[in-house]
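Participant: The structure's right below; bear with me while I get my questions together.
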Amino acid sequence: MDCNQVFVSKVKRLIVVFTLLIAFLSIKIDTFAQVDSAVVPIDSVVAGSAEAVSGEHGAAKHGEEKFEPTKVIMEHIADSHMWHLWGHTSLPLPVILYTANGLEVFSSGHFHHGEHDYNGKYNNYRLEEDHIKVVGADGKIDEEASKSVLDFSITKNVAAMFVAIFVILVIFISVAASYRKRVGKAPKGLQSFVEPIIVFVRDDIAKPNIGHKYAKFMPYLLTTFFFILFNNLFGLIPIFPGGANVTGNIALTFVMALGTLIIVNINGNKYYWKHIFKPDVPFWLYPIMIPVELIGIISKPFALMVRLFANITAGHIIVLSLISLIFIFETLAIAPVSVAFVLFMDVLELLVAFLQAFIFTLLTALFIGMAVEEHH
Amino acid sequence: MELVTPSIGLVFWTSIAFICLLILLRKFAWKPILGAIHEREQSIDEALNKAELAKQEMARLTSQNQDLMQQARAERDEILKEAKTLKDGILNEAKKQAQVEGAKLIEKAKIEIENQKKAALAEVKDQVSSLSLEIAERVLRTQLDDKAKQETLVANLLKDVELN
């Protein structure tokens, strides 16, 4: 009875979460579709009027670039070799290239925002659309050589991730110190902020999904939860040291999902593997079932990867689209509307930041639970 | 397509950073924090259990005290009742004895009175006899001549004697 109750409540909770998610996604798609449709005509109008006035007020219009929202948004979403601070000021970040001849380390400041080439030890490099390319002897980009150069640079996302990791370490090590200092006493300060979340992860994510073997997986679940949460939250800060789209980058979610894949399959017991290679179906179904189960191994973390990436990236795109409205309409009158919507979206993103960290951890715990479950 | 292609640099750095974070946090944060939370929860549980036990002990002691009180009260009542019966008994005994004693005394007094009366009567008889003798002598002496006078004298004397 008790098990059944737990299961029902879990199902209910999942239904609520998924309804929220679906509702949220549909809002996102709607907004984005509207923005998209708005962009096209206005873009052409702006272009047309620009053409019309260029004859008379050519001098006044000189020096102003045409605003391309898609390009701007994609630039903000994507990774970068510089960390934009304000105006035309950017923080140059170290470039680390692995070439066939050896490592090449230099500052991205040498590119001067892509205006200059850099003469390295082994090759000449050029920054094109935030990708480092090898420049051939003829002064043109050598695509073949570019492919053989691996880019291990400390990019904006890597730097932002380091900042988040630093903050996480400072917070949790200091909290751990205060636990040592105040043995057996009530939590205080940061402790009382962090403790409910830790207890939540333990009692509502790990225990019900994994069972009595939960303790072994607590460090991984907690680290995953707080790593995603802090990177989500830092991503919401529009200025330095935030502003990077760390958890909305497929590379990071790929690594996180890979971690889950490895943890789940290393800890899978004989029942887990039997379920995959000798499922309880007639033997002639094996040719279908085994491939399906094998795909299942990959598809579960794959869904984790895409979910986190899509949610965070979509949130960033909407916020940027709303801000872009001001520049598309070229009027300040739209600013209050934009800001109001952005505020709404930011609050929603705050919810999503927690929600996605929660879902990632919950599903990881669920997969681990399925792998370590004992059958009687 | 570029958006969904993981770049090798970021994958590399994320893996290293995440693994370092996991190891560092596990050693320096999660172990002490989870340990402390677990310990505190246990101590709270223990304290609650102890409180419950203390409560039960209290209840037990209270009921015991009440029992003792009741017992004491009953004992006291018993003792009082006994004392009362004893007292009544003693009183009755004393009364009875007093009555018996009184009766005895009265009896003695009566006997004494009787004896005294008898003695007095004997004495009166003696005196009467001696007086009669005396009277007879006087009568004989003085009034031997007159017979009538003799008789009145004797009658008068007898009257006197009777008055005595």
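Labeling convention for the structure tokens: chains A, B, ... as they appear, residues from 1 per chain, ligands from 1 in order of appearance.
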Show me, as a VMD selection string, the residues that have an atom within 12 Å of Ile19 (chain B) when counting only C-alpha atoms, minus same-chain residues fewer than 2 positions from it.

Facilitator: (chain A and resid 165 219 to 220 223 to 224 227 255 to 256 259) or (chain B and resid 12 to 17 21 to 26)

Participant: DSSP on the backbone, strand (DSSP E or B) only: what residues of region 53-267 of chain A does that give? Format it as a ChimeraX atom specification.

Facilitator: /A:82-86,89-92,94-98,103-107,118-119,124-128,131-135,141,150-151

Participant: Find the residues of chain B in contact range of chain A, meaning any atom within 12 Å when counting only C-alpha atoms, and list them as a JSON list (two decimals) with N, CA and C atoms, in the first residue's frame.

Facilitator:
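The result, stored in iface.json:
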```json
[["chain", "number", "residue", "atom", "x", "y", "z"],
["B", 1, "MET", "N", 23.27, 24.37, -37.13],
["B", 1, "MET", "CA", 23.97, 23.13, -36.83],
["B", 1, "MET", "C", 25.11, 23.37, -35.83],
["B", 2, "GLU", "N", 25.68, 24.55, -35.93],
["B", 2, "GLU", "CA", 26.80, 24.84, -35.04],
["B", 2, "GLU", "C", 26.37, 24.82, -33.58],
["B", 3, "LEU", "N", 25.11, 25.24, -33.37],
["B", 3, "LEU", "CA", 24.57, 25.33, -32.01],
["B", 3, "LEU", "C", 24.52, 23.96, -31.34],
["B", 4, "VAL", "N", 24.28, 22.91, -32.12],
["B", 4, "VAL", "CA", 24.11, 21.58, -31.53],
["B", 4, "VAL", "C", 25.33, 20.69, -31.76],
["B", 5, "THR", "N", 26.46, 21.29, -32.12],
["B", 5, "THR", "CA", 27.69, 20.51, -32.27],
["B", 5, "THR", "C", 28.59, 20.81, -31.08],
["B", 6, "PRO", "N", 28.81, 19.82, -30.22],
["B", 6, "PRO", "CA", 29.67, 20.11, -29.07],
["B", 6, "PRO", "C", 31.11, 20.39, -29.51],
["B", 7, "SER", "N", 31.68, 21.46, -29.02],
["B", 7, "SER", "CA", 33.06, 21.78, -29.38],
["B", 7, "SER", "C", 34.01, 21.05, -28.44],
["B", 8, "ILE", "N", 35.07, 20.55, -29.00],
["B", 8, "ILE", "CA", 35.97, 19.68, -28.24],
["B", 8, "ILE", "C", 36.58, 20.39, -27.04],
["B", 9, "GLY", "N", 36.89, 21.67, -27.22],
["B", 9, "GLY", "CA", 37.52, 22.42, -26.12],
["B", 9, "GLY", "C", 36.63, 22.48, -24.91],
["B", 10, "LEU", "N", 35.37, 22.82, -25.15],
["B", 10, "LEU", "CA", 34.43, 22.96, -24.03],
["B", 10, "LEU", "C", 34.16, 21.61, -23.38],
["B", 11, "VAL", "N", 34.06, 20.56, -24.21],
["B", 11, "VAL", "CA", 33.86, 19.22, -23.65],
["B", 11, "VAL", "C", 35.03, 18.86, -22.75],
["B", 12, "PHE", "N", 36.23, 19.14, -23.23],
["B", 12, "PHE", "CA", 37.44, 18.82, -22.47],
["B", 12, "PHE", "C", 37.46, 19.56, -21.14],
["B", 13, "TRP", "N", 37.26, 20.88, -21.22],
["B", 13, "TRP", "CA", 37.35, 21.67, -19.99],
["B", 13, "TRP", "C", 36.21, 21.34, -19.02],
["B", 14, "THR", "N", 35.02, 21.11, -19.58],
["B", 14, "THR", "CA", 33.90, 20.77, -18.70],
["B", 14, "THR", "C", 34.15, 19.46, -17.98],
["B", 15, "SER", "N", 34.67, 18.47, -18.72],
["B", 15, "SER", "CA", 34.93, 17.18, -18.08],
["B", 15, "SER", "C", 35.91, 17.35, -16.93],
["B", 16, "ILE", "N", 37.01, 18.03, -17.22],
["B", 16, "ILE", "CA", 38.04, 18.20, -16.19],
["B", 16, "ILE", "C", 37.47, 18.98, -15.01],
["B", 17, "ALA", "N", 36.77, 20.08, -15.34],
["B", 17, "ALA", "CA", 36.27, 20.94, -14.26],
["B", 17, "ALA", "C", 35.24, 20.20, -13.42],
["B", 18, "PHE", "N", 34.37, 19.46, -14.10],
["B", 18, "PHE", "CA", 33.31, 18.77, -13.35],
["B", 18, "PHE", "C", 33.90, 17.67, -12.47],
["B", 19, "ILE", "N", 34.85, 16.93, -13.02],
["B", 19, "ILE", "CA", 35.45, 15.86, -12.22],
["B", 19, "ILE", "C", 36.18, 16.44, -11.01],
["B", 20, "CYS", "N", 36.92, 17.53, -11.24],
["B", 20, "CYS", "CA", 37.62, 18.18, -10.12],
["B", 20, "CYS", "C", 36.60, 18.66, -9.09],
["B", 21, "LEU", "N", 35.54, 19.28, -9.59],
["B", 21, "LEU", "CA", 34.51, 19.79, -8.67],
["B", 21, "LEU", "C", 33.92, 18.64, -7.85],
["B", 22, "LEU", "N", 33.64, 17.54, -8.55],
["B", 22, "LEU", "CA", 33.05, 16.38, -7.87],
["B", 22, "LEU", "C", 33.97, 15.86, -6.78],
["B", 23, "ILE", "N", 35.26, 15.74, -7.12],
["B", 23, "ILE", "CA", 36.20, 15.19, -6.15],
["B", 23, "ILE", "C", 36.37, 16.15, -4.96],
["B", 24, "LEU", "N", 36.54, 17.43, -5.28],
["B", 24, "LEU", "CA", 36.76, 18.42, -4.22],
["B", 24, "LEU", "C", 35.54, 18.51, -3.30],
["B", 25, "LEU", "N", 34.36, 18.62, -3.94],
["B", 25, "LEU", "CA", 33.16, 18.77, -3.12],
["B", 25, "LEU", "C", 32.90, 17.51, -2.29],
["B", 26, "ARG", "N", 33.17, 16.34, -2.90],
["B", 26, "ARG", "CA", 32.91, 15.12, -2.15],
["B", 26, "ARG", "C", 33.78, 15.06, -0.91],
["B", 27, "LYS", "N", 35.04, 15.45, -1.08],
["B", 27, "LYS", "CA", 35.96, 15.36, 0.04],
["B", 27, "LYS", "C", 35.72, 16.46, 1.07],
["B", 28, "PHE", "N", 35.56, 17.71, 0.56],
["B", 28, "PHE", "CA", 35.56, 18.84, 1.49],
["B", 28, "PHE", "C", 34.17, 19.36, 1.83],
["B", 29, "ALA", "N", 33.16, 18.98, 1.06],
["B", 29, "ALA", "CA", 31.84, 19.54, 1.36],
["B", 29, "ALA", "C", 30.80, 18.47, 1.67],
["B", 30, "TRP", "N", 30.57, 17.56, 0.72],
["B", 30, "TRP", "CA", 29.42, 16.67, 0.92],
["B", 30, "TRP", "C", 29.61, 15.75, 2.11],
["B", 31, "LYS", "N", 30.84, 15.23, 2.26],
["B", 31, "LYS", "CA", 31.05, 14.28, 3.35],
["B", 31, "LYS", "C", 30.76, 14.94, 4.70],
["B", 32, "PRO", "N", 31.44, 16.07, 5.02],
["B", 32, "PRO", "CA", 31.14, 16.67, 6.31],
["B", 32, "PRO", "C", 29.69, 17.16, 6.43],
["B", 33, "ILE", "N", 29.15, 17.72, 5.34],
["B", 33, "ILE", "CA", 27.79, 18.27, 5.45],
["B", 33, "ILE", "C", 26.77, 17.16, 5.67],
["B", 34, "LEU", "N", 26.84, 16.14, 4.81],
["B", 34, "LEU", "CA", 25.87, 15.05, 4.95],
["B", 34, "LEU", "C", 26.05, 14.34, 6.29],
["B", 35, "GLY", "N", 27.33, 14.17, 6.67],
["B", 35, "GLY", "CA", 27.60, 13.53, 7.96],
["B", 35, "GLY", "C", 26.99, 14.31, 9.10],
["B", 36, "ALA", "N", 27.21, 15.63, 9.05],
["B", 36, "ALA", "CA", 26.70, 16.47, 10.14],
["B", 36, "ALA", "C", 25.18, 16.46, 10.17],
["B", 37, "ILE", "N", 24.57, 16.55, 8.98],
["B", 37, "ILE", "CA", 23.10, 16.54, 8.94],
["B", 37, "ILE", "C", 22.58, 15.22, 9.49],
["B", 38, "HIS", "N", 23.22, 14.13, 9.07],
["B", 38, "HIS", "CA", 22.79, 12.81, 9.52],
["B", 38, "HIS", "C", 22.91, 12.69, 11.04],
["B", 39, "GLU", "N", 24.07, 13.15, 11.52],
["B", 39, "GLU", "CA", 24.30, 13.06, 12.96],
["B", 39, "GLU", "C", 23.27, 13.86, 13.74],
["B", 40, "ARG", "N", 23.02, 15.08, 13.21],
["B", 40, "ARG", "CA", 22.08, 15.94, 13.92],
["B", 40, "ARG", "C", 20.69, 15.33, 13.91],
["B", 41, "GLU", "N", 20.32, 14.78, 12.76],
["B", 41, "GLU", "CA", 19.00, 14.15, 12.69],
["B", 41, "GLU", "C", 18.89, 13.03, 13.70],
["B", 42, "GLN", "N", 20.00, 12.26, 13.79],
["B", 42, "GLN", "CA", 19.98, 11.14, 14.74],
["B", 42, "GLN", "C", 19.85, 11.65, 16.16],
["B", 43, "SER", "N", 20.62, 12.72, 16.46],
["B", 43, "SER", "CA", 20.58, 13.21, 17.83],
["B", 43, "SER", "C", 19.21, 13.79, 18.14],
["B", 44, "ILE", "N", 18.57, 14.40, 17.13],
["B", 44, "ILE", "CA", 17.22, 14.93, 17.35],
["B", 44, "ILE", "C", 16.26, 13.78, 17.60],
["B", 47, "ALA", "N", 16.84, 12.50, 21.00],
["B", 47, "ALA", "CA", 16.31, 13.41, 22.02],
["B", 47, "ALA", "C", 14.80, 13.27, 22.11]]
```

Participant: To one decimal in Å, tell me the separation between CA of Ala335 (chain A) and CA of Pro238 (chain A).

Facilitator: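 Pair CA of Ala335 (chain A) / CA of Pro238 (chain A) returns 16.9 Å.
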
Participant: Based on the backbone DSSP call, show me all residues of region 65-266 of chain A assigned helix (DSSP H, G or I), as an NGL selection string.

Facilitator: :A and (69-77 or 108-111 or 143-148 or 156-181 or 190-210 or 214-236 or 250-266)

Participant: Can you measure CA of Tyr118 (chain A) to CA of Lys133 (chain A) for me? One decimal in Å is fine.

Facilitator: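 Rounded to one decimal, the two atoms are 10.4 Å apart.
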
Participant: If we count only C-alpha atoms, what is near Val337 (chain A) at a cut-off of 10 Å, once residues fewer than 3 positions away on the same chain are taken out, given as number ranges by chain?

Facilitator: A: 322-323, 325-326, 332-334, 340-343

Participant: For Leu308 (chain A), which residue among A:Ile266, A:Ile359, A:Met289, A:Ile276 is the nearest when counting only C-alpha atoms?

Facilitator: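 Nearest to Leu308 (chain A): A:Ile359.
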
Participant: Show me, as a VMD selection string, the residues that have an atom within 12 Å of Gln127 (chain B) when counting only C-alpha atoms, minus same-chain residues fewer than 6 positions from it.

Facilitator: chain B and resid 120 to 121 133 to 135 161 to 162 164

Participant: For a test of reading the model, state the distance in Å between CA of Tyr286 (chain A) and CA of Thr260 (chain A), rounded to one decimal.

Facilitator: 26.4 Å

Participant: Fewer than 3 positions away in the same chain doesn't count, so skip those; otherwise give me all residues within 12 Å of region 211-213 of chain A, counting only C-alpha atoms, as a tab-separated table (two decimals) with C-alpha atoms, in the first residue's frame.

Facilitator:
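The file below, around.tsv, is the result:
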```tsv
chain	number	residue	atom	x	y	z
A	3	CYS	CA	4.75	1.73	-2.07
A	202	ARG	CA	18.52	13.56	-0.41
A	203	ASP	CA	14.93	12.98	0.73
A	204	ASP	CA	12.94	13.80	-2.40
A	205	ILE	CA	15.31	12.89	-5.21
A	206	ALA	CA	17.78	10.27	-4.05
A	207	LYS	CA	15.91	8.24	-1.42
A	208	PRO	CA	12.61	7.59	-3.22
A	216	LYS	CA	26.84	6.21	-2.55
A	217	PHE	CA	25.35	8.46	-5.23
A	218	MET	CA	24.69	11.53	-3.09
A	267	ASN	CA	26.52	0.59	-11.28
A	365	ALA	CA	18.52	9.42	-9.77
A	366	LEU	CA	15.69	7.59	-11.50
A	368	ILE	CA	20.47	5.03	-11.28
A	369	GLY	CA	17.55	3.61	-9.31
A	370	MET	CA	16.49	1.52	-12.29
A	371	ALA	CA	20.05	0.22	-12.69
A	372	VAL	CA	20.62	-0.74	-9.05
A	373	GLU	CA	17.11	-2.00	-8.30
A	374	GLU	CA	16.97	-5.48	-6.78
```

Participant: For Ala100 (chain A), please output as a count of residues only all residues within 10 Å (counting only C-alpha atoms; exclusion window: fewer than 3 positions along the same chain).

Facilitator: 7

Participant: At a cut-off of 9 Å, using only C-alpha atoms, what residues contact Ala160 (chain A)? Leave out same-chain residues fewer than 4 positions from it and give the result as a VMD selection string.

Facilitator: chain A and resid 155 to 156 164 to 165 231 234 to 235 240 to 246

Participant: Now that the selection is made, can you save its residues with C-alpha atoms as a PDB file, in the first residue's frame?

Facilitator:
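And here's again_22.pdb as it stands now:
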```
ATOM      1  CA  THR A 155      36.539  30.481 -23.937  1.00  0.00           C
ATOM      2  CA  LYS A 156      33.861  32.626 -22.369  1.00  0.00           C
ATOM      3  CA  ALA A 164      30.618  29.291 -11.116  1.00  0.00           C
ATOM      4  CA  ILE A 165      32.797  26.417  -9.858  1.00  0.00           C
ATOM      5  CA  ASN A 231      25.544  27.803 -14.027  1.00  0.00           C
ATOM      6  CA  PHE A 234      24.983  32.812 -13.566  1.00  0.00           C
ATOM      7  CA  GLY A 235      23.625  32.586 -17.090  1.00  0.00           C
ATOM      8  CA  PHE A 240      30.168  40.090 -16.168  1.00  0.00           C
ATOM      9  CA  PRO A 241      30.779  37.593 -14.499  1.00  0.00           C
ATOM     10  CA  GLY A 242      27.563  36.121 -15.877  1.00  0.00           C
ATOM     11  CA  GLY A 243      26.128  36.452 -19.314  1.00  0.00           C
ATOM     12  CA  ALA A 244      27.568  33.248 -20.691  1.00  0.00           C
ATOM     13  CA  ASN A 245      25.217  30.585 -21.952  1.00  0.00           C
ATOM     14  CA  VAL A 246      27.014  27.776 -20.119  1.00  0.00           C
TER      15      VAL A 246
END
```
